[in-house]
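Colleague: My structure file query.txt, compact mmCIF, C-alpha atoms and all ligand atoms, is below:
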```
# COMPACT_ATOMS: atom_id res chain seq x y z
CA MET A 8 94.18 117.20 143.15
CA ALA A 9 92.66 120.40 141.87
CA SER A 10 94.81 122.50 139.61
CA PHE A 11 96.23 125.63 141.14
CA THR A 12 96.75 128.79 139.18
CA PRO A 13 98.91 131.31 140.97
CA ILE A 14 97.03 134.56 141.47
CA SER A 15 99.58 136.52 139.50
CA GLN A 16 98.68 134.58 136.35
CA SER A 17 94.97 135.10 136.60
CA GLN A 18 94.76 138.89 136.72
CA PRO A 19 92.56 140.73 137.22
CA LEU A 20 90.78 138.67 139.86
CA PHE A 21 87.01 138.99 139.94
CA ASN A 22 87.47 141.66 137.33
CA ASN A 23 84.29 143.40 138.47
CA THR A 24 82.31 140.46 137.11
CA HIS A 25 79.01 142.01 138.07
CA LEU A 26 79.94 145.16 136.21
CA THR A 27 80.90 143.55 132.95
CA LYS A 28 77.70 141.55 132.58
CA LEU A 29 75.35 144.48 132.49
CA PRO A 30 72.15 144.10 130.58
CA PRO A 31 71.88 147.15 128.29
CA GLN A 32 68.57 148.28 129.79
CA SER A 33 70.19 148.66 133.20
CA LEU A 34 72.06 151.65 131.87
CA ALA A 35 68.76 153.51 131.73
CA GLY A 36 69.21 154.15 135.47
CA PRO A 37 67.60 157.59 135.86
CA ASN A 38 64.21 156.33 134.64
CA LEU A 39 64.08 153.41 137.03
CA GLY A 40 63.16 153.27 140.67
CA SER A 41 66.02 152.08 142.88
CA GLU A 42 64.30 148.72 143.43
CA PHE A 43 64.87 147.98 139.76
CA LEU A 44 68.53 148.85 139.78
CA PRO A 45 70.97 146.00 139.89
CA LYS A 46 73.02 145.81 143.05
CA TRP A 47 76.21 147.03 141.38
CA PHE A 48 74.51 150.33 140.62
CA SER A 49 73.89 151.31 144.20
CA VAL A 50 77.30 150.02 145.16
CA ARG A 51 79.13 152.02 142.55
CA PHE A 52 77.29 155.29 142.94
CA GLN A 53 76.26 155.52 146.54
CA ALA A 54 77.62 158.16 148.87
CA PRO A 55 79.99 156.90 151.57
CA ARG A 56 77.95 154.82 153.98
CA ARG A 57 78.48 153.76 157.55
CA ILE A 58 80.42 150.53 157.75
CA PRO A 59 79.24 148.27 160.59
CA GLY A 60 81.87 148.09 163.27
CA LEU A 61 83.39 151.38 162.29
CA PRO A 62 82.40 154.63 163.94
CA MET A 63 80.99 157.14 161.47
CA LYS A 64 84.14 159.21 161.67
CA ALA A 65 86.34 156.36 160.50
CA SER A 66 83.97 154.88 157.94
CA SER A 67 83.42 158.19 156.27
CA VAL A 68 87.15 158.68 155.93
CA VAL A 69 87.11 158.57 152.22
CA VAL A 70 89.54 158.94 149.50
CA SER A 71 89.56 162.63 148.81
CA ALA A 72 92.91 163.48 147.36
CA THR A 73 91.49 166.63 145.84
CA THR A 74 94.43 168.82 146.67
CA ALA A 75 98.04 167.89 146.29
CA GLU A 76 98.86 169.00 149.87
CA LYS A 77 96.32 166.78 151.62
CA PRO A 78 97.65 163.27 152.22
CA LYS A 79 95.10 160.58 151.31
CA LYS A 80 93.33 159.34 154.43
CA ARG A 81 93.45 155.63 155.02
CA TYR A 82 90.92 153.12 156.26
CA PRO A 83 91.85 151.31 159.49
CA GLY A 84 94.20 148.47 158.58
CA GLU A 85 94.49 149.57 154.95
CA SER A 86 98.26 149.93 154.96
CA LYS A 87 98.65 146.26 155.88
CA GLY A 88 96.28 144.95 153.22
CA PHE A 89 92.58 144.30 152.91
CA VAL A 90 92.48 141.35 155.33
CA GLU A 91 93.53 143.72 158.08
CA GLU A 92 90.60 145.97 157.15
CA MET A 93 88.21 143.01 157.38
CA ARG A 94 89.75 141.99 160.69
CA PHE A 95 89.39 145.50 162.09
CA VAL A 96 85.66 145.60 161.33
CA ALA A 97 85.17 142.05 162.68
CA MET A 98 86.98 142.72 165.94
CA ARG A 99 84.77 145.73 166.69
CA LEU A 100 81.71 143.49 166.37
CA HIS A 101 82.85 141.29 169.25
CA THR A 102 81.81 142.02 172.79
CA ARG A 103 84.47 143.20 175.22
CA ASP A 104 84.39 139.78 176.89
CA GLN A 105 84.93 137.96 173.62
CA ALA A 106 87.96 139.95 172.56
CA LYS A 107 89.80 142.97 173.88
CA GLU A 108 89.15 145.05 170.76
CA GLY A 109 85.42 144.26 171.04
CA GLU A 110 82.86 147.06 171.38
CA LYS A 111 79.50 145.40 170.95
CA GLU A 112 76.98 145.20 173.79
CA VAL A 113 75.93 141.75 174.92
CA LYS A 114 72.45 141.03 173.54
CA GLU A 115 72.32 137.34 172.64
CA PRO A 116 73.01 134.32 174.86
CA GLU A 117 76.08 133.27 172.84
CA GLU A 118 77.59 136.72 173.44
CA ARG A 119 77.84 136.05 177.17
CA PRO A 120 81.31 134.95 178.37
CA VAL A 121 82.01 131.42 177.12
CA ALA A 122 83.21 130.45 180.61
CA LYS A 123 79.64 130.94 181.83
CA TRP A 124 77.98 128.89 179.08
CA GLU A 125 76.00 125.81 179.98
CA PRO A 126 76.26 123.76 176.81
CA SER A 127 74.43 120.49 176.21
CA ILE A 128 75.59 117.61 174.03
CA ASP A 129 72.38 117.74 171.99
CA GLY A 130 72.83 121.48 171.42
CA TYR A 131 76.49 121.01 170.52
CA LEU A 132 75.52 118.29 168.03
CA ARG A 133 73.03 120.68 166.43
CA PHE A 134 75.82 123.26 166.17
CA LEU A 135 78.23 120.74 164.59
CA VAL A 136 75.61 119.52 162.08
CA ASP A 137 74.69 123.06 160.99
CA SER A 138 78.36 124.06 160.86
CA LYS A 139 79.01 121.06 158.62
CA LEU A 140 76.27 122.16 156.24
CA VAL A 141 77.84 125.62 156.03
CA TYR A 142 81.36 124.25 155.42
CA ASP A 143 80.04 121.69 152.89
CA THR A 144 78.37 124.55 151.06
CA LEU A 145 81.42 126.85 151.15
CA GLU A 146 83.72 124.08 150.03
CA GLU A 147 81.41 123.10 147.16
CA ILE A 148 81.20 126.73 146.03
CA ILE A 149 84.99 127.03 146.03
CA GLN A 150 85.40 123.68 144.28
CA ARG A 151 82.86 124.55 141.60
CA ALA A 152 84.28 128.06 141.20
CA ALA A 153 81.38 129.57 139.23
CA ILE A 154 83.38 132.77 139.63
CA PRO A 155 86.84 131.68 138.43
CA ALA A 156 88.77 133.50 141.17
CA TYR A 157 87.18 131.25 143.81
CA ALA A 158 89.44 128.48 142.51
CA GLU A 159 92.33 130.30 144.22
CA PHE A 160 90.84 129.20 147.54
CA ARG A 161 90.80 125.47 146.79
CA ASN A 162 92.83 123.23 149.09
CA THR A 163 93.93 125.90 151.53
CA GLY A 164 94.16 123.39 154.35
CA LEU A 165 91.50 125.33 156.31
CA GLU A 166 88.63 123.16 154.96
CA ARG A 167 86.48 121.71 157.74
CA SER A 168 83.93 119.51 156.02
CA GLU A 169 85.81 116.21 156.30
CA SER A 170 86.91 116.77 159.87
CA LEU A 171 83.30 117.48 160.88
CA ALA A 172 82.18 114.29 159.11
CA LYS A 173 84.67 112.33 161.26
CA ASP A 174 83.45 114.02 164.43
CA LEU A 175 79.80 113.25 163.68
CA GLU A 176 80.77 109.64 162.99
CA TRP A 177 82.48 109.53 166.40
CA PHE A 178 79.33 110.85 168.13
CA LYS A 179 77.30 108.19 166.30
CA GLU A 180 79.64 105.48 167.55
CA GLN A 181 79.07 106.80 171.07
CA GLY A 182 75.35 106.12 170.57
CA TYR A 183 74.13 109.65 169.83
CA VAL A 184 71.52 110.27 167.16
CA ILE A 185 72.79 112.82 164.64
CA PRO A 186 70.07 115.41 163.97
CA GLU A 187 69.13 116.84 160.58
CA PRO A 188 70.40 120.37 159.85
CA SER A 189 68.18 123.03 161.40
CA THR A 190 66.98 126.48 160.32
CA PRO A 191 70.14 128.51 161.13
CA GLY A 192 72.41 126.25 159.06
CA VAL A 193 69.94 125.76 156.21
CA THR A 194 69.27 129.51 155.98
CA TYR A 195 72.95 130.43 156.02
CA ALA A 196 73.89 127.78 153.44
CA GLN A 197 71.18 129.05 151.10
CA TYR A 198 72.30 132.64 151.56
CA LEU A 199 75.92 131.74 150.82
CA LYS A 200 74.94 129.92 147.62
CA GLU A 201 73.03 132.94 146.35
CA LEU A 202 75.71 135.41 147.35
CA SER A 203 78.50 133.38 145.77
CA GLU A 204 76.90 133.80 142.36
CA LYS A 205 75.67 137.36 142.48
CA ASP A 206 77.92 139.21 144.90
CA PRO A 207 81.53 137.95 145.10
CA GLN A 208 82.75 140.76 147.37
CA ALA A 209 80.10 139.99 149.98
CA PHE A 210 80.77 136.27 149.61
CA VAL A 211 84.47 136.80 150.32
CA CYS A 212 83.55 138.57 153.56
CA HIS A 213 81.71 135.47 154.76
CA PHE A 214 84.52 133.21 153.54
CA TYR A 215 87.05 135.18 155.58
CA ASN A 216 84.94 135.46 158.72
CA ILE A 217 83.85 131.84 158.81
CA TYR A 218 87.31 130.30 158.41
CA PHE A 219 89.24 132.82 160.49
CA ALA A 220 86.70 133.04 163.33
CA HIS A 221 86.85 129.28 163.70
CA THR A 222 90.63 129.33 164.19
CA ALA A 223 90.36 132.07 166.85
CA GLY A 224 87.23 132.23 169.04
CA GLY A 225 85.97 128.95 167.58
CA ARG A 226 88.94 127.03 168.95
CA MET A 227 88.54 128.61 172.34
CA ILE A 228 84.85 127.65 172.36
CA GLY A 229 85.74 124.08 171.35
CA ARG A 230 88.18 123.78 174.24
CA LYS A 231 85.74 125.13 176.83
CA VAL A 232 82.83 123.02 175.61
CA ALA A 233 85.05 119.90 175.59
CA GLU A 234 86.10 120.63 179.19
CA LYS A 235 82.47 120.96 180.26
CA ILE A 236 80.71 118.14 178.43
CA LEU A 237 83.14 115.94 176.47
CA ASN A 238 85.66 114.96 179.08
CA LYS A 239 88.18 117.21 177.25
CA LYS A 240 88.03 115.18 174.04
CA GLU A 241 89.54 117.26 171.22
CA LEU A 242 87.42 117.00 168.10
CA GLU A 243 88.86 116.85 164.56
CA PHE A 244 87.02 120.13 163.85
CA TYR A 245 89.75 121.86 165.89
CA LYS A 246 92.76 120.12 164.31
CA TRP A 247 94.54 121.21 161.14
CA ASP A 248 97.16 119.37 159.12
CA GLY A 249 100.37 121.40 159.10
CA ASP A 250 101.21 124.74 160.64
CA LEU A 251 97.94 126.62 161.16
CA SER A 252 99.51 130.05 161.29
CA GLN A 253 101.22 129.40 157.94
CA LEU A 254 97.94 128.15 156.42
CA LEU A 255 96.21 131.31 157.62
CA GLN A 256 98.98 133.50 156.25
CA ASN A 257 98.73 131.83 152.84
CA VAL A 258 94.98 132.56 152.76
CA ARG A 259 95.52 136.14 153.95
CA ASP A 260 97.98 136.66 151.07
CA LYS A 261 95.47 135.35 148.53
CA LEU A 262 92.63 137.43 149.95
CA ASN A 263 94.80 140.54 149.86
CA LYS A 264 95.75 139.82 146.26
CA VAL A 265 92.12 139.27 145.24
CA ALA A 266 91.03 142.52 146.85
CA GLU A 267 93.76 144.50 145.10
CA SER A 268 91.64 144.52 141.95
CA TRP A 269 88.56 145.87 143.78
CA THR A 270 87.44 149.46 143.76
CA ARG A 271 87.11 151.27 147.08
CA GLU A 272 83.31 150.91 146.79
CA GLU A 273 83.62 147.16 146.34
CA LYS A 274 85.91 146.94 149.35
CA ASN A 275 83.44 148.91 151.45
CA HIS A 276 80.64 146.69 150.25
CA CYS A 277 82.62 143.66 151.41
CA LEU A 278 83.29 145.27 154.83
CA GLU A 279 79.61 146.15 155.19
CA GLU A 280 78.71 142.49 154.95
CA THR A 281 80.60 141.68 158.19
CA GLU A 282 77.57 142.38 160.34
CA LYS A 283 75.53 139.78 158.46
CA SER A 284 78.33 137.29 158.82
CA PHE A 285 78.20 137.75 162.61
CA LYS A 286 74.42 137.47 162.60
CA TYR A 287 74.30 134.19 160.66
CA SER A 288 77.24 132.63 162.54
CA GLY A 289 75.81 133.84 165.86
CA ASP A 290 72.54 132.04 165.12
CA ILE A 291 74.49 128.82 164.58
CA LEU A 292 76.68 129.33 167.66
CA ARG A 293 73.56 129.83 169.75
CA LEU A 294 72.56 126.24 168.99
CA ILE A 295 75.27 125.12 171.43
CA LEU A 296 73.14 126.61 174.19
CA SER A 297 69.82 125.24 172.89
C1 LIG A 301 81.41 133.54 171.39
C2 LIG A 301 81.74 134.03 170.23
C3 LIG A 301 83.15 134.51 169.89
C4 LIG A 301 84.26 134.61 170.65
C5 LIG A 301 84.45 134.24 172.11
C6 LIG A 301 85.31 135.16 169.82
C7 LIG A 301 86.59 135.42 170.21
C8 LIG A 301 87.61 135.81 169.41
C9 LIG A 301 88.98 136.00 169.82
C10 LIG A 301 89.51 135.77 171.23
C11 LIG A 301 89.69 136.38 168.74
C12 LIG A 301 91.19 136.65 168.68
C13 LIG A 301 91.48 138.07 168.94
C14 LIG A 301 92.92 138.42 168.70
O1 LIG A 301 93.50 138.04 167.68
O2 LIG A 301 93.46 139.09 169.56
C15 LIG A 301 88.75 136.44 167.63
C16 LIG A 301 89.13 136.78 166.38
C17 LIG A 301 88.25 136.82 165.33
N1 LIG A 301 86.90 136.56 165.35
FE1 LIG A 301 85.84 136.01 166.94
N2 LIG A 301 84.80 135.38 168.56
C18 LIG A 301 83.49 134.99 168.57
C19 LIG A 301 82.61 135.04 167.53
C20 LIG A 301 82.94 135.44 166.27
C21 LIG A 301 82.02 135.47 165.15
C22 LIG A 301 80.53 135.10 165.23
C23 LIG A 301 82.73 135.91 164.09
C24 LIG A 301 82.26 136.12 162.68
C25 LIG A 301 81.59 135.20 162.03
C26 LIG A 301 84.09 136.15 164.51
C27 LIG A 301 85.12 136.60 163.70
C28 LIG A 301 86.42 136.74 164.10
C29 LIG A 301 87.51 137.11 163.22
C30 LIG A 301 87.42 137.37 161.74
C31 LIG A 301 88.66 137.16 163.99
C32 LIG A 301 90.08 137.51 163.52
C33 LIG A 301 90.88 136.25 163.33
C34 LIG A 301 92.31 136.49 162.91
O3 LIG A 301 92.82 137.59 163.05
O4 LIG A 301 92.92 135.55 162.43
N3 LIG A 301 84.18 135.85 165.84
N4 LIG A 301 87.50 136.10 168.07
```
Take the structure I supplied and represent it as structure tokens, if you would.
Modeller:
Amino acid sequence: MASFTPISQSQPLFNNTHLTKLPPQSLAGPNLGSEFLPKWFSVRFQAPRRIPGLPMKASSVVVSATTAEKPKKRYPGESKGFVEEMRFVAMRLHTRDQAKEGEKEVKEPEERPVAKWEPSIDGYLRFLVDSKLVYDTLEEIIQRAAIPAYAEFRNTGLERSESLAKDLEWFKEQGYVIPEPSTPGVTYAQYLKELSEKDPQAFVCHFYNIYFAHTAGGRMIGRKVAEKILNKKELEFYKWDGDLSQLLQNVRDKLNKVAESWTREEKNHCLEETEKSFKYSGDILRLILS
């Protein structure tokens, strides 16, 4: 069993890792074109930017406690902790059919109401195989913990790699040929690997969205697809050991703790990554309909 260091003993988490490892020449900012600047530079010094999923008004609500009389404006969800901020941005990126807080227009096939989907077993197998590659990758990253704070997310009980392995084995026993991972899964896995090393805030956004989306919309999708093409068989992918809401709460608490050591710019950078998380996961979801 992996060792577990309580968050309170490993302060400060992430500790602005990408800020502390600056090569000296990167401080010569003014002489360099922006393409030469390391990512942290633009993140630290940019003006407030639009956060996907937030209307301009809300995303430009920034900080400004310049006068004593003005109360500091808050980001949506901020008072409840950073997970609530991530959730707020994510919910706005759903369509109205997917979730009641959704605002996005339907553009892609997987954004149509799940009840109207016409899934195929081959497509669903492609989805499960690519999902497994993504979970294998995430779980390896967390296990390896190249950034020490990732170790906090070991053994959360939300891991999906082993359950997906069992499901694929079951399909094999039923006589199905298990395909190789396809472009959406391979591309996302590669992106996550890169991000995990060079951009922990953005990586955490994907970590949150992947695991939490699967326990919400993902479960609903699993149920509907099973009704349509699997004779209602419930796959291991949709079963968790223990009380799922408690497992989720434990991870929320850790995420909130991790984000406490981030600057507002780092938090915004994490929130801004949500759109990409939807894009990559949407590409994998779409496989169900392929
Ligand atoms: C067909 C696609 C999808 C459907 C039908 C769907 C549906 C839902 C529903 C019903 C909820 C629960 C809303 C609530 O708590 O009231 C939810 C939550 C959520 N979804 Fe989705 N969703 C889909 C795709 C996605 C994608 C692609 C992502 C991002 C990768 C995502 C991220 C989330 C997150 C982060 C939550 C919040 C979970 C929580 O609060 O614990 N969803 N979704």
Colleague: Can you list, as a compact mmCIF listing (two decimals) with C-alpha atoms, in the coordinates of the input, every protein, DNA or RNA residue that comes within 8 Å of Leu132 of chain A when you count all atoms listed in the file, leaving out same-chain residues fewer than 4 positions away?
Modeller:
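The new file selection06.txt reads:
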```txt
# COMPACT_ATOMS: atom_id res chain seq x y z
CA ILE A 128 75.59 117.61 174.03
CA VAL A 136 75.61 119.52 162.08
CA LEU A 175 79.80 113.25 163.68
CA ILE A 185 72.79 112.82 164.64
CA PRO A 186 70.07 115.41 163.97
CA ILE A 295 75.27 125.12 171.43
```
Colleague: For the contact check between chain A and ligand LIG 301 (chain A), emit one row per residue of chain A within 6 Å, containing the shortest atom pair and the distance in Å rounded to one decimal, counting only C-alpha atoms and all ligand atoms, chain then rising number order, as a tab-separated table.
Modeller:
```
residue	atom	partner	partner_atom	distance
A:Arg94	CA	A:LIG301	C30	5.3
A:Ala97	CA	A:LIG301	C30	5.3
A:Gln105	CA	A:LIG301	C5	4.0
A:Ala106	CA	A:LIG301	C10	4.7
A:Glu117	CA	A:LIG301	C1	5.5
A:Glu118	CA	A:LIG301	C1	5.4
A:Asn216	CA	A:LIG301	C30	4.3
A:Ile217	CA	A:LIG301	C25	5.2
A:Phe219	CA	A:LIG301	C33	4.7
A:Ala220	CA	A:LIG301	C28	3.8
A:Ala223	CA	A:LIG301	C15	4.7
A:Gly224	CA	A:LIG301	C7	3.5
A:Ser284	CA	A:LIG301	C25	5.0
A:Phe285	CA	A:LIG301	C25	4.3
A:Ser288	CA	A:LIG301	C22	4.9
A:Gly289	CA	A:LIG301	C22	4.9
```
Colleague: In Å, rounded to a single decimal, give me how far atom CA of Pro207 of chain A is from atom CA of Gly84 of chain A.
Modeller: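 Atom-to-atom, atom CA of Gly84 of chain A to atom CA of Pro207 of chain A, that is 21.3 Å.
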Colleague: Would you please work out which residue, of A:Asp206, A:Glu159, A:Asp137, A:Glu201, is nearest to Lys264 of chain A when using only C-alpha atoms?
Modeller: A:Glu159
Colleague: Might you pull out every residue within 10 Å of Leu135 of chain A, with all atoms listed in the file counted and same-chain residues fewer than 6 positions away left off, and present them as an MDAnalysis selection string?
Modeller: chainID A and resid 129 141 171:172 174:175 185:186 188 192 244 291:292 294:295
Colleague: When you draw a straight line from atom CA of Pro78 of chain A to atom CA of Asn275 of chain A, how long is it in Å?
Modeller: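 Interatomic distance here is 20.2 Å.
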Colleague: Tell me, in Å to one decimal, how far atom CA of Asn162 of chain A is from atom CA of Trp177 of chain A.
Modeller: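 Pair atom CA of Asn162 of chain A / atom CA of Trp177 of chain A returns 24.4 Å.
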Colleague: I'd like to know which of A:Glu234, A:Glu85, A:Glu147, A:Glu76 is closest to Trp124 of chain A, using only C-alpha atoms.
Modeller: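 Closest to Trp124 of chain A of all the choices is A:Glu234.
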Colleague: Just the residues within 12 Å of Val90 of chain A, please, counting only C-alpha atoms, with nothing from its chain fewer than 6 positions along; format it as a PyMOL selection string.
Modeller: chain A and resi 82-84+96-97+211-212+214-216+219+255-267+274+277-278
